[in-house]
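Participant: This is target.cif, which holds mmCIF, C-alpha atoms (C1' of nucleotides):
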data_coords
#
loop_
_atom_site.label_atom_id
_atom_site.label_comp_id
_atom_site.auth_asym_id
_atom_site.auth_seq_id
_atom_site.Cartn_x
_atom_site.Cartn_y
_atom_site.Cartn_z
CA MET A 28 -46.01 168.32 10.83
CA LYS A 29 -47.80 169.98 8.04
CA ALA A 30 -51.29 169.69 6.78
CA PRO A 31 -51.81 167.24 3.95
CA LYS A 32 -52.38 168.89 0.64
CA SER A 33 -55.97 169.98 0.45
CA ALA A 34 -58.14 170.88 -2.49
CA ASN A 35 -57.60 174.49 -1.59
CA ASP A 36 -53.94 174.45 -2.48
CA LEU A 37 -55.21 174.56 -6.01
CA LEU A 38 -57.20 177.70 -5.46
CA HIS A 39 -54.18 179.85 -6.18
CA GLY A 40 -54.93 182.31 -8.93
CA THR A 41 -58.48 181.10 -9.32
CA LEU A 42 -60.13 182.92 -6.48
CA ASP A 43 -60.15 186.22 -8.35
CA ALA A 44 -62.08 184.76 -11.22
CA LEU A 45 -64.55 183.07 -8.91
CA VAL A 46 -65.24 186.32 -7.12
CA LEU A 47 -65.60 188.33 -10.30
CA LYS A 48 -67.99 185.77 -11.68
CA THR A 49 -70.10 185.79 -8.55
CA VAL A 50 -70.41 189.53 -8.58
CA SER A 51 -71.26 189.51 -12.25
CA TRP A 52 -74.78 188.44 -11.27
CA GLY A 53 -75.21 191.68 -9.39
CA PRO A 54 -73.78 193.44 -6.32
CA ARG A 55 -73.01 191.20 -3.39
CA HIS A 56 -71.34 191.63 -0.02
CA GLY A 57 -68.30 189.60 0.99
CA TYR A 58 -70.05 187.12 3.19
CA ALA A 59 -72.64 186.41 0.54
CA ILE A 60 -69.95 185.97 -2.11
CA ALA A 61 -68.26 183.29 -0.04
CA ARG A 62 -71.49 181.43 0.64
CA TRP A 63 -72.56 181.60 -2.99
CA ILE A 64 -69.28 180.19 -4.28
CA GLU A 65 -69.34 177.37 -1.76
CA GLN A 66 -72.90 176.43 -2.54
CA THR A 67 -72.46 176.58 -6.27
CA ALA A 68 -69.31 174.54 -6.05
CA GLY A 69 -71.21 171.93 -4.13
CA ASP A 70 -69.10 172.42 -1.02
CA ALA A 71 -66.02 171.23 -2.84
CA LEU A 72 -64.41 174.61 -2.23
CA ALA A 73 -63.96 176.36 1.08
CA ILE A 74 -63.64 180.11 0.86
CA GLU A 75 -61.66 181.27 3.86
CA GLU A 76 -62.39 184.79 4.96
CA GLY A 77 -58.69 185.40 5.38
CA SER A 78 -58.34 184.79 1.67
CA LEU A 79 -61.52 186.44 0.55
CA TYR A 80 -61.20 189.88 2.06
CA PRO A 81 -57.66 190.49 0.84
CA ALA A 82 -58.82 189.33 -2.57
CA LEU A 83 -61.66 191.84 -2.52
CA TYR A 84 -59.27 194.67 -1.68
CA ARG A 85 -56.97 193.55 -4.43
CA LEU A 86 -59.72 193.48 -7.00
CA GLU A 87 -60.99 196.86 -5.97
CA ARG A 88 -57.50 198.36 -6.02
CA ARG A 89 -57.09 197.15 -9.57
CA GLY A 90 -60.32 198.75 -10.61
CA TRP A 91 -62.27 195.58 -11.26
CA LEU A 92 -64.67 195.99 -8.39
CA GLN A 93 -66.29 199.00 -6.81
CA SER A 94 -67.60 198.94 -3.26
CA GLU A 95 -70.27 200.75 -1.36
CA TRP A 96 -71.62 200.40 2.14
CA GLY A 97 -75.19 199.33 2.42
CA VAL A 98 -77.55 197.11 4.33
CA SER A 99 -77.77 193.37 3.89
CA GLU A 100 -80.91 191.36 3.34
CA LEU A 101 -81.00 190.79 7.07
CA GLY A 102 -80.69 194.42 7.96
CA ARG A 103 -77.00 194.52 8.80
CA ARG A 104 -74.26 196.86 7.73
CA ALA A 105 -72.45 195.30 4.81
CA LYS A 106 -70.11 196.38 2.04
CA PHE A 107 -71.43 195.63 -1.41
CA TYR A 108 -69.13 195.02 -4.33
CA LYS A 109 -70.11 195.46 -7.92
CA LEU A 110 -68.33 194.64 -11.13
CA THR A 111 -66.89 197.52 -13.13
CA ARG A 112 -66.63 197.59 -16.88
CA ALA A 113 -62.93 196.75 -16.59
CA GLY A 114 -63.83 193.96 -14.21
CA ARG A 115 -66.13 192.45 -16.77
CA GLU A 116 -63.34 192.47 -19.33
CA GLN A 117 -61.01 190.90 -16.83
CA LEU A 118 -63.50 188.18 -16.05
CA LYS A 119 -63.78 187.32 -19.69
CA HIS A 120 -60.03 187.18 -19.96
CA GLU A 121 -59.57 185.01 -16.90
CA THR A 122 -62.27 182.63 -17.99
CA VAL A 123 -60.48 182.03 -21.25
CA GLN A 124 -57.20 181.49 -19.43
CA TRP A 125 -58.83 179.06 -17.08
CA SER A 126 -60.21 177.00 -19.94
CA ARG A 127 -56.89 176.93 -21.70
CA PHE A 128 -55.06 176.00 -18.56
CA THR A 129 -57.33 173.17 -17.53
CA ALA A 130 -57.30 171.80 -21.06
CA ALA A 131 -53.51 171.79 -21.03
CA VAL A 132 -53.24 170.15 -17.64
CA SER A 133 -55.82 167.56 -18.56
CA ARG A 134 -53.85 166.60 -21.63
CA VAL A 135 -50.95 165.76 -19.38
CA LEU A 136 -52.76 164.37 -16.41
CA LEU A 137 -55.73 162.47 -17.67
CA PRO A 138 -54.44 159.97 -20.23
CA SER A 139 -54.56 157.10 -17.81
CA MET B 19 -44.42 197.28 -12.74
CA LYS B 20 -45.34 193.69 -12.51
CA ALA B 21 -46.05 191.09 -15.09
CA PRO B 22 -49.69 190.69 -16.03
CA LYS B 23 -51.27 187.57 -14.71
CA SER B 24 -50.05 184.70 -16.79
CA ALA B 25 -51.31 181.19 -17.21
CA ASN B 26 -48.58 180.10 -14.86
CA ASP B 27 -50.14 181.76 -11.87
CA LEU B 28 -52.58 178.92 -12.04
CA LEU B 29 -49.87 176.31 -11.87
CA HIS B 30 -49.80 176.52 -8.11
CA GLY B 31 -50.28 173.11 -6.59
CA THR B 32 -50.55 171.44 -9.95
CA LEU B 33 -46.90 171.07 -10.84
CA ASP B 34 -46.42 168.18 -8.46
CA ALA B 35 -49.13 166.16 -10.11
CA LEU B 36 -47.81 166.93 -13.57
CA VAL B 37 -44.36 165.74 -12.60
CA LEU B 38 -45.60 162.59 -10.93
CA LYS B 39 -47.71 161.78 -13.95
CA THR B 40 -44.80 162.28 -16.33
CA VAL B 41 -42.58 160.00 -14.35
CA SER B 42 -45.29 157.39 -14.13
CA TRP B 43 -44.44 156.43 -17.71
CA GLY B 44 -40.98 155.43 -16.60
CA PRO B 45 -37.84 157.06 -15.19
CA ARG B 46 -37.02 160.47 -16.63
CA HIS B 47 -34.47 163.14 -15.90
CA GLY B 48 -35.48 166.67 -14.97
CA TYR B 49 -34.86 168.28 -18.29
CA ALA B 50 -36.83 165.62 -20.09
CA ILE B 51 -39.70 165.97 -17.65
CA ALA B 52 -39.99 169.67 -18.40
CA ARG B 53 -39.88 169.14 -22.16
CA TRP B 54 -42.42 166.34 -22.02
CA ILE B 55 -44.92 168.36 -20.01
CA GLU B 56 -44.58 171.35 -22.30
CA GLN B 57 -45.02 169.31 -25.43
CA THR B 58 -47.94 167.33 -24.11
CA ALA B 59 -49.61 170.50 -22.92
CA GLY B 60 -49.24 171.93 -26.38
CA ASP B 61 -46.95 174.70 -25.20
CA ALA B 62 -49.72 176.15 -23.08
CA LEU B 63 -47.58 175.59 -20.00
CA ALA B 64 -44.04 176.78 -19.41
CA ILE B 65 -42.07 174.73 -16.92
CA GLU B 66 -39.40 176.98 -15.45
CA GLU B 67 -36.34 175.22 -14.20
CA GLY B 68 -36.37 177.37 -11.10
CA SER B 69 -39.71 175.77 -10.28
CA LEU B 70 -39.03 172.31 -11.52
CA TYR B 71 -35.90 171.40 -9.61
CA PRO B 72 -37.20 172.53 -6.23
CA ALA B 73 -40.33 170.54 -6.99
CA LEU B 74 -38.25 167.45 -7.70
CA TYR B 75 -36.40 167.80 -4.40
CA ARG B 76 -39.68 168.27 -2.61
CA LEU B 77 -41.18 165.18 -4.16
CA GLU B 78 -38.13 163.12 -3.38
CA ARG B 79 -38.00 164.37 0.18
CA ARG B 80 -41.59 163.28 0.64
CA GLY B 81 -40.79 159.85 -0.64
CA TRP B 82 -42.77 160.03 -3.85
CA LEU B 83 -39.79 159.98 -6.16
CA GLN B 84 -36.47 158.23 -6.02
CA SER B 85 -33.45 159.51 -7.90
CA GLU B 86 -30.38 157.97 -9.38
CA TRP B 87 -27.56 159.36 -11.48
CA GLY B 88 -27.25 157.97 -14.94
CA VAL B 89 -26.57 158.90 -18.50
CA SER B 90 -29.05 160.61 -20.77
CA GLU B 91 -30.00 159.56 -24.27
CA LEU B 92 -27.41 162.01 -25.55
CA GLY B 93 -24.66 160.65 -23.38
CA ARG B 94 -24.70 163.27 -20.66
CA ARG B 95 -24.72 162.95 -16.94
CA ALA B 96 -28.31 163.25 -15.74
CA LYS B 97 -30.30 162.45 -12.67
CA PHE B 98 -33.18 160.08 -13.29
CA TYR B 99 -36.29 160.14 -11.17
CA LYS B 100 -38.64 157.25 -10.78
CA LEU B 101 -41.99 156.96 -9.11
CA THR B 102 -42.15 155.10 -5.81
CA ARG B 103 -45.10 153.06 -4.67
CA ALA B 104 -46.10 155.93 -2.38
CA GLY B 105 -45.70 158.29 -5.31
CA ARG B 106 -48.12 156.28 -7.35
CA GLU B 107 -50.66 156.48 -4.57
CA GLN B 108 -50.11 160.18 -4.31
CA LEU B 109 -50.59 160.63 -8.03
CA LYS B 110 -53.88 158.81 -7.88
CA HIS B 111 -54.94 161.00 -5.01
CA GLU B 112 -53.93 164.23 -6.68
CA THR B 113 -55.62 163.29 -9.90
CA VAL B 114 -58.89 162.79 -8.10
CA GLN B 115 -58.47 166.10 -6.34
CA TRP B 116 -57.74 167.83 -9.59
CA SER B 117 -60.89 166.47 -11.18
CA ARG B 118 -62.99 167.45 -8.24
CA PHE B 119 -61.49 170.89 -8.12
CA THR B 120 -61.90 171.70 -11.79
CA ALA B 121 -65.46 170.41 -11.73
CA ALA B 122 -66.24 172.67 -8.79
CA VAL B 123 -64.64 175.72 -10.34
CA SER B 124 -66.38 175.09 -13.62
CA ARG B 125 -69.74 174.98 -11.92
CA VAL B 126 -69.10 178.47 -10.66
CA LEU B 127 -67.27 179.92 -13.60
CA LEU B 128 -68.78 178.48 -16.70
CA PRO B 129 -72.52 179.11 -16.54
CA SER B 130 -72.33 182.09 -18.85
"C1'" DA C 17 -82.32 185.93 31.15
"C1'" DC C 18 -78.63 183.91 28.97
"C1'" DG C 19 -75.76 181.23 25.83
"C1'" DG C 20 -74.70 179.95 21.37
"C1'" DG C 21 -74.67 180.45 16.71
"C1'" DA C 22 -75.24 182.90 12.47
"C1'" DC C 23 -74.19 187.14 10.33
"C1'" DA C 24 -70.61 190.47 8.59
"C1'" DC C 25 -66.54 192.70 8.83
"C1'" DC C 26 -61.28 192.91 9.49
"C1'" DT C 27 -55.99 192.03 10.60
"C1'" DT C 28 -51.48 189.83 11.44
"C1'" DG C 29 -47.94 186.59 10.62
"C1'" DA C 30 -46.54 182.23 8.80
"C1'" DT C 31 -46.25 179.11 5.10
"C1'" DT C 32 -45.75 177.57 0.64
"C1'" DT C 33 -44.91 177.85 -4.02
"C1'" DT C 34 -43.29 179.79 -7.92
"C1'" DC C 35 -40.42 183.06 -10.50
"C1'" DT C 36 -36.30 185.81 -11.74
"C1'" DG C 37 -31.98 185.67 -12.78
"C1'" DG C 38 -28.20 184.13 -12.19
"C1'" DG C 39 -24.37 180.14 -12.40
"C1'" DT C 40 -21.60 175.53 -14.04
"C1'" DA C 41 -20.28 172.31 -17.65
"C1'" DT C 42 -20.41 169.51 -21.97
"C1'" DC C 43 -21.22 168.84 -26.77
"C1'" DC C 44 -22.27 169.80 -31.58
"C1'" DA C 45 -23.11 172.65 -35.65
"C1'" DG C 46 -22.11 176.46 -38.54
"C1'" DC D 17 -14.83 179.60 -32.11
"C1'" DT D 18 -19.18 181.11 -31.07
"C1'" DG D 19 -23.79 180.07 -30.14
"C1'" DG D 20 -27.34 177.00 -28.94
"C1'" DA D 21 -29.01 172.91 -26.89
"C1'" DT D 22 -28.47 169.74 -23.16
"C1'" DA D 23 -28.48 169.16 -18.13
"C1'" DC D 24 -27.78 170.41 -13.64
"C1'" DC D 25 -28.12 173.81 -9.58
"C1'" DC D 26 -28.99 177.95 -6.16
"C1'" DA D 27 -30.35 182.40 -3.74
"C1'" DG D 28 -33.53 185.89 -3.08
"C1'" DA D 29 -37.90 187.98 -4.09
"C1'" DA D 30 -42.73 188.04 -4.92
"C1'" DA D 31 -47.44 186.64 -4.33
"C1'" DA D 32 -51.28 184.26 -2.61
"C1'" DT D 33 -53.44 181.64 0.67
"C1'" DC D 34 -54.12 179.98 5.34
"C1'" DA D 35 -54.60 179.85 10.38
"C1'" DA D 36 -56.13 182.09 13.94
"C1'" DG D 37 -57.45 185.49 16.05
"C1'" DG D 38 -60.50 189.83 16.80
"C1'" DT D 39 -65.05 193.18 16.76
"C1'" DG D 40 -70.03 193.74 17.12
"C1'" DT D 41 -75.03 192.70 16.23
"C1'" DC D 42 -79.02 189.96 16.14
"C1'" DC D 43 -82.05 186.03 16.92
"C1'" DC D 44 -83.46 181.57 18.72
"C1'" DG D 45 -83.97 178.09 22.18
"C1'" DT D 46 -84.21 176.96 26.78
#
Let me see the structure of the file written as structure tokens.
Facilitator:
Amino acid sequence: MKAPKSANDLLHGTLDALVLKTVSWGPRHGYAIARWIEQTAGDALAIEEGSLYPALYRLERRGWLQSEWGVSELGRRAKFYKLTRAGREQLKHETVQWSRFTAAVSRVLLPS
Amino acid sequence: MKAPKSANDLLHGTLDALVLKTVSWGPRHGYAIARWIEQTAGDALAIEEGSLYPALYRLERRGWLQSEWGVSELGRRAKFYKLTRAGREQLKHETVQWSRFTAAVSRVLLPS
DNA sequence: ACGGGACACCTTGATTTTCTGGGTATCCAG
DNA sequence: CTGGATACCCAGAAAATCAAGGTGTCCCGT
């Protein structure tokens, strides 16, 4: 009895890039990052908080994000993440990889 | 000391579709499937045997592939996999998912 | 006044997939 | 006769995501 494969099984390895990209527009807090990705993706992606927060810690630990406590637009305590210089490099790198990868997969998958 | 993120970290959840697609051209044995994917992808993907064979068992167990021992083009014992009717449905389904997913990710990632 | 929902954070354990690094055996070329 | 290609397989580790829970605040509708 296991869940049918969902679109999110494909998220593996892509979430980091999505988060970095989102934060590249300026500092955001976790909740806002999730909402922004989902909206931009047209609700085709679901960002689970159980995936997001570990990802944020990971990215910060690797020096790609830097966090700071602050106050959200609605006046609540929230931790804001901003992209570091290294994070910007990493984003560039991952974007290239993503393009290469999808091109390769498409060559195999799409010729009907 | 861990390997830097490679293109293969993105493979997650995609290998199944690649295999199904490859076999959709006609029965193939495991080794040939790996070579075909790599060539078609222009060597941008590396199909590790330690990933491939478990994937083949998985797909057969789920009823999407059917296997039969035979003899390869070079006269060696080889196990040939062919796509079942259910497998063909699954391939169609996964292809749609893949398109949706990449479109969604691109919307987030690509606006420079 | 109270309930529900949105906001915003976090943790634990299970699940799944892939990778690493082995191993077997045959055949052919140099 | 040694190495490389063909062709299969397995065990254990690593990594990421998911499911499902939890905390607390604030606001809106009734």
Participant: Evaluate the PyMOL selection byres ((chain B and resi 97) around 7) and record the selected residues as number ranges by chain, following the chain and residue labels used in the document.
Facilitator: B: 47, 85-88, 96, 98-99
Participant: Could you superpose chain B on chain A by least squares over every Cα, matched in sequence order, and send it back as a short mmCIF file (atom, residue, chain, number, x, y, z; two decimals) with C-alpha atoms, in the coordinates of the input?
Facilitator:
data_model
loop_
_atom_site.label_atom_id
_atom_site.label_comp_id
_atom_site.auth_asym_id
_atom_site.auth_seq_id
_atom_site.Cartn_x
_atom_site.Cartn_y
_atom_site.Cartn_z
CA MET B 19 -46.36 168.71 11.06
CA LYS B 20 -48.15 170.29 8.22
CA ALA B 21 -51.56 169.80 6.78
CA PRO B 22 -51.78 167.32 3.93
CA LYS B 23 -52.31 168.90 0.59
CA SER B 24 -55.89 169.98 0.38
CA ALA B 25 -58.07 170.94 -2.52
CA ASN B 26 -57.47 174.53 -1.58
CA ASP B 27 -53.84 174.45 -2.56
CA LEU B 28 -55.18 174.49 -6.06
CA LEU B 29 -57.17 177.63 -5.49
CA HIS B 30 -54.16 179.77 -6.22
CA GLY B 31 -54.93 182.27 -8.92
CA THR B 32 -58.48 181.06 -9.29
CA LEU B 33 -60.14 182.89 -6.43
CA ASP B 34 -60.13 186.18 -8.29
CA ALA B 35 -62.06 184.73 -11.18
CA LEU B 36 -64.55 183.05 -8.87
CA VAL B 37 -65.22 186.31 -7.09
CA LEU B 38 -65.57 188.30 -10.28
CA LYS B 39 -67.95 185.73 -11.67
CA THR B 40 -70.09 185.77 -8.54
CA VAL B 41 -70.39 189.51 -8.59
CA SER B 42 -71.23 189.49 -12.26
CA TRP B 43 -74.75 188.42 -11.29
CA GLY B 44 -75.20 191.66 -9.43
CA PRO B 45 -73.78 193.44 -6.38
CA ARG B 46 -73.01 191.18 -3.43
CA HIS B 47 -71.37 191.63 -0.07
CA GLY B 48 -68.32 189.63 0.95
CA TYR B 49 -70.04 187.15 3.16
CA ALA B 50 -72.63 186.41 0.52
CA ILE B 51 -69.94 185.96 -2.11
CA ALA B 52 -68.24 183.29 -0.02
CA ARG B 53 -71.48 181.44 0.66
CA TRP B 54 -72.54 181.58 -2.97
CA ILE B 55 -69.25 180.17 -4.24
CA GLU B 56 -69.30 177.37 -1.71
CA GLN B 57 -72.85 176.40 -2.47
CA THR B 58 -72.42 176.55 -6.21
CA ALA B 59 -69.25 174.51 -5.98
CA GLY B 60 -71.14 171.90 -4.03
CA ASP B 61 -69.04 172.41 -0.93
CA ALA B 62 -65.96 171.22 -2.77
CA LEU B 63 -64.36 174.60 -2.16
CA ALA B 64 -63.91 176.37 1.15
CA ILE B 65 -63.63 180.13 0.91
CA GLU B 66 -61.69 181.32 3.94
CA GLU B 67 -62.41 184.84 5.02
CA GLY B 68 -58.72 185.45 5.49
CA SER B 69 -58.36 184.85 1.76
CA LEU B 70 -61.53 186.44 0.59
CA TYR B 71 -61.25 189.91 2.06
CA PRO B 72 -57.69 190.51 0.88
CA ALA B 73 -58.83 189.32 -2.53
CA LEU B 74 -61.67 191.84 -2.51
CA TYR B 75 -59.29 194.68 -1.66
CA ARG B 76 -56.95 193.54 -4.38
CA LEU B 77 -59.69 193.45 -6.96
CA GLU B 78 -60.96 196.85 -5.95
CA ARG B 79 -57.48 198.33 -5.98
CA ARG B 80 -57.04 197.09 -9.53
CA GLY B 81 -60.26 198.71 -10.57
CA TRP B 82 -62.22 195.55 -11.24
CA LEU B 83 -64.65 195.98 -8.39
CA GLN B 84 -66.27 198.99 -6.83
CA SER B 85 -67.58 198.95 -3.29
CA GLU B 86 -70.28 200.74 -1.42
CA TRP B 87 -71.64 200.40 2.09
CA GLY B 88 -75.22 199.32 2.36
CA VAL B 89 -77.55 197.11 4.28
CA SER B 90 -77.76 193.37 3.88
CA GLU B 91 -80.90 191.33 3.37
CA LEU B 92 -80.95 190.75 7.11
CA GLY B 93 -80.66 194.40 7.96
CA ARG B 94 -76.97 194.52 8.78
CA ARG B 95 -74.29 196.87 7.69
CA ALA B 96 -72.44 195.30 4.77
CA LYS B 97 -70.14 196.37 2.01
CA PHE B 98 -71.45 195.63 -1.45
CA TYR B 99 -69.14 195.01 -4.36
CA LYS B 100 -70.09 195.45 -7.95
CA LEU B 101 -68.29 194.62 -11.14
CA THR B 102 -66.83 197.50 -13.13
CA ARG B 103 -66.56 197.56 -16.88
CA ALA B 104 -62.87 196.73 -16.56
CA GLY B 105 -63.79 193.93 -14.18
CA ARG B 106 -66.08 192.42 -16.74
CA GLU B 107 -63.29 192.45 -19.28
CA GLN B 108 -60.98 190.88 -16.78
CA LEU B 109 -63.48 188.16 -16.00
CA LYS B 110 -63.78 187.32 -19.66
CA HIS B 111 -60.03 187.16 -19.91
CA GLU B 112 -59.59 184.99 -16.86
CA THR B 113 -62.29 182.62 -17.95
CA VAL B 114 -60.53 182.03 -21.23
CA GLN B 115 -57.27 181.48 -19.42
CA TRP B 116 -58.89 179.04 -17.07
CA SER B 117 -60.29 177.00 -19.93
CA ARG B 118 -57.00 176.95 -21.71
CA PHE B 119 -55.14 176.00 -18.59
CA THR B 120 -57.41 173.15 -17.56
CA ALA B 121 -57.40 171.80 -21.10
CA ALA B 122 -53.62 171.82 -21.12
CA VAL B 123 -53.31 170.16 -17.74
CA SER B 124 -55.86 167.55 -18.67
CA ARG B 125 -53.93 166.63 -21.77
CA VAL B 126 -50.99 165.82 -19.56
CA LEU B 127 -52.76 164.36 -16.59
CA LEU B 128 -55.71 162.45 -17.86
CA PRO B 129 -54.44 159.99 -20.45
CA SER B 130 -54.47 157.09 -18.03
#
Participant: Please list as a VMD selection string every residue within 12 Å of DT42 of chain C, counting all atoms listed in the file and excluding residues in the same chain fewer than 5 positions away.
Facilitator: (chain B and resid 92 to 96) or (chain D and resid 21 to 24)
Participant: Please produce an output containing C-alpha atoms (C1' of nucleotides) for each residue in the selection, written as a compact mmCIF listing (two decimals), in the coordinates of the input.
Facilitator:
# COMPACT_ATOMS: atom_id res chain seq x y z
CA LEU B 92 -27.41 162.01 -25.55
CA GLY B 93 -24.66 160.65 -23.38
CA ARG B 94 -24.70 163.27 -20.66
CA ARG B 95 -24.72 162.95 -16.94
CA ALA B 96 -28.31 163.25 -15.74
C1' DA D 21 -29.01 172.91 -26.89
C1' DT D 22 -28.47 169.74 -23.16
C1' DA D 23 -28.48 169.16 -18.13
C1' DC D 24 -27.78 170.41 -13.64
Participant: Could you state the separation of atom CA of Trp82 of chain B and atom CA of Arg103 of chain B in Å, given to one decimal place?
Facilitator: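 Between these atoms lies a distance of 7.4 Å.
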Participant: Using Å and a single decimal, report how far atom CA of Thr58 of chain B sits from atom CA of Ser90 of chain B.
Facilitator: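 Computing it gives 20.3 Å between the two atoms.
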Participant: Using the chain letters and numbering of this document, enumerate as a PyMOL selection string the residues selected by the PyMOL selection byres ((chain B) within 12 of (chain C)).
Facilitator: chain B and resi 20-21+24+26-34+64-73+76+92-96
Participant: Find the residues of chain D in contact range of chain A, meaning any atom within 8 Å when counting all atoms listed in the file, and list them as a list in words.
Facilitator: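 Selected residues: DA32, DT33, DC34 and DT41 of chain D.
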Participant: Show me, as CSV, the residues of chain A having an atom within 7 Å of chain B, each with the closest atom pair and its distance in Å, using all atoms listed in the file.
Facilitator:
residue,atom,partner,partner_atom,distance
A:Ala34,CA,B:Gln115,CA,6.1
A:Asp36,CA,B:Gly31,CA,5.7
A:Leu37,CA,B:Gly31,CA,5.2
A:His39,CA,B:His30,CA,5.8
A:Gly40,CA,B:Leu28,CA,5.2
A:Thr41,CA,B:Leu28,CA,6.9
A:Leu45,CA,B:Leu127,CA,6.3
A:Lys48,CA,B:Leu127,CA,6.2
A:Ile64,CA,B:Val126,CA,6.6
A:Thr67,CA,B:Val126,CA,5.8
A:Ala68,CA,B:Ala122,CA,4.5
A:Gly69,CA,B:Ala122,CA,6.9
A:Ala71,CA,B:Ala122,CA,6.1
A:Gln124,CA,B:Ala25,CA,6.3
A:Phe128,CA,B:Ala25,CA,6.5
A:Ala131,CA,B:Ala59,CA,4.5
A:Val132,CA,B:Ala59,CA,6.4
A:Arg134,CA,B:Ala59,CA,5.9
A:Val135,CA,B:Thr58,CA,5.8
A:Leu136,CA,B:Lys39,CA,6.2
Participant: Suppose you want the space between atom CA of Lys100 of chain B and atom C1' of DA27 of chain D; what is it in Å?
Facilitator: 27.4 Å
Participant: Point out the residue among B:Trp43, B:Tyr75, B:Tyr49, B:Arg80 with the least atom-to-atom distance to Ala104 of chain B, counting all atoms listed in the file.
Facilitator: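 Smallest distance to Ala104 of chain B is found for B:Arg80.
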Participant: Determine the axis-aligned bounding box of all atoms of segment 33-38 of chain C present in the file, pad each side by 4 Å, and express its centre and edge lengths in Å to one decimal place as JSON.
Facilitator:
{"center_x": -36.6, "center_y": 181.8, "center_z": -8.4, "size_x": 24.7, "size_y": 16.0, "size_z": 16.8}
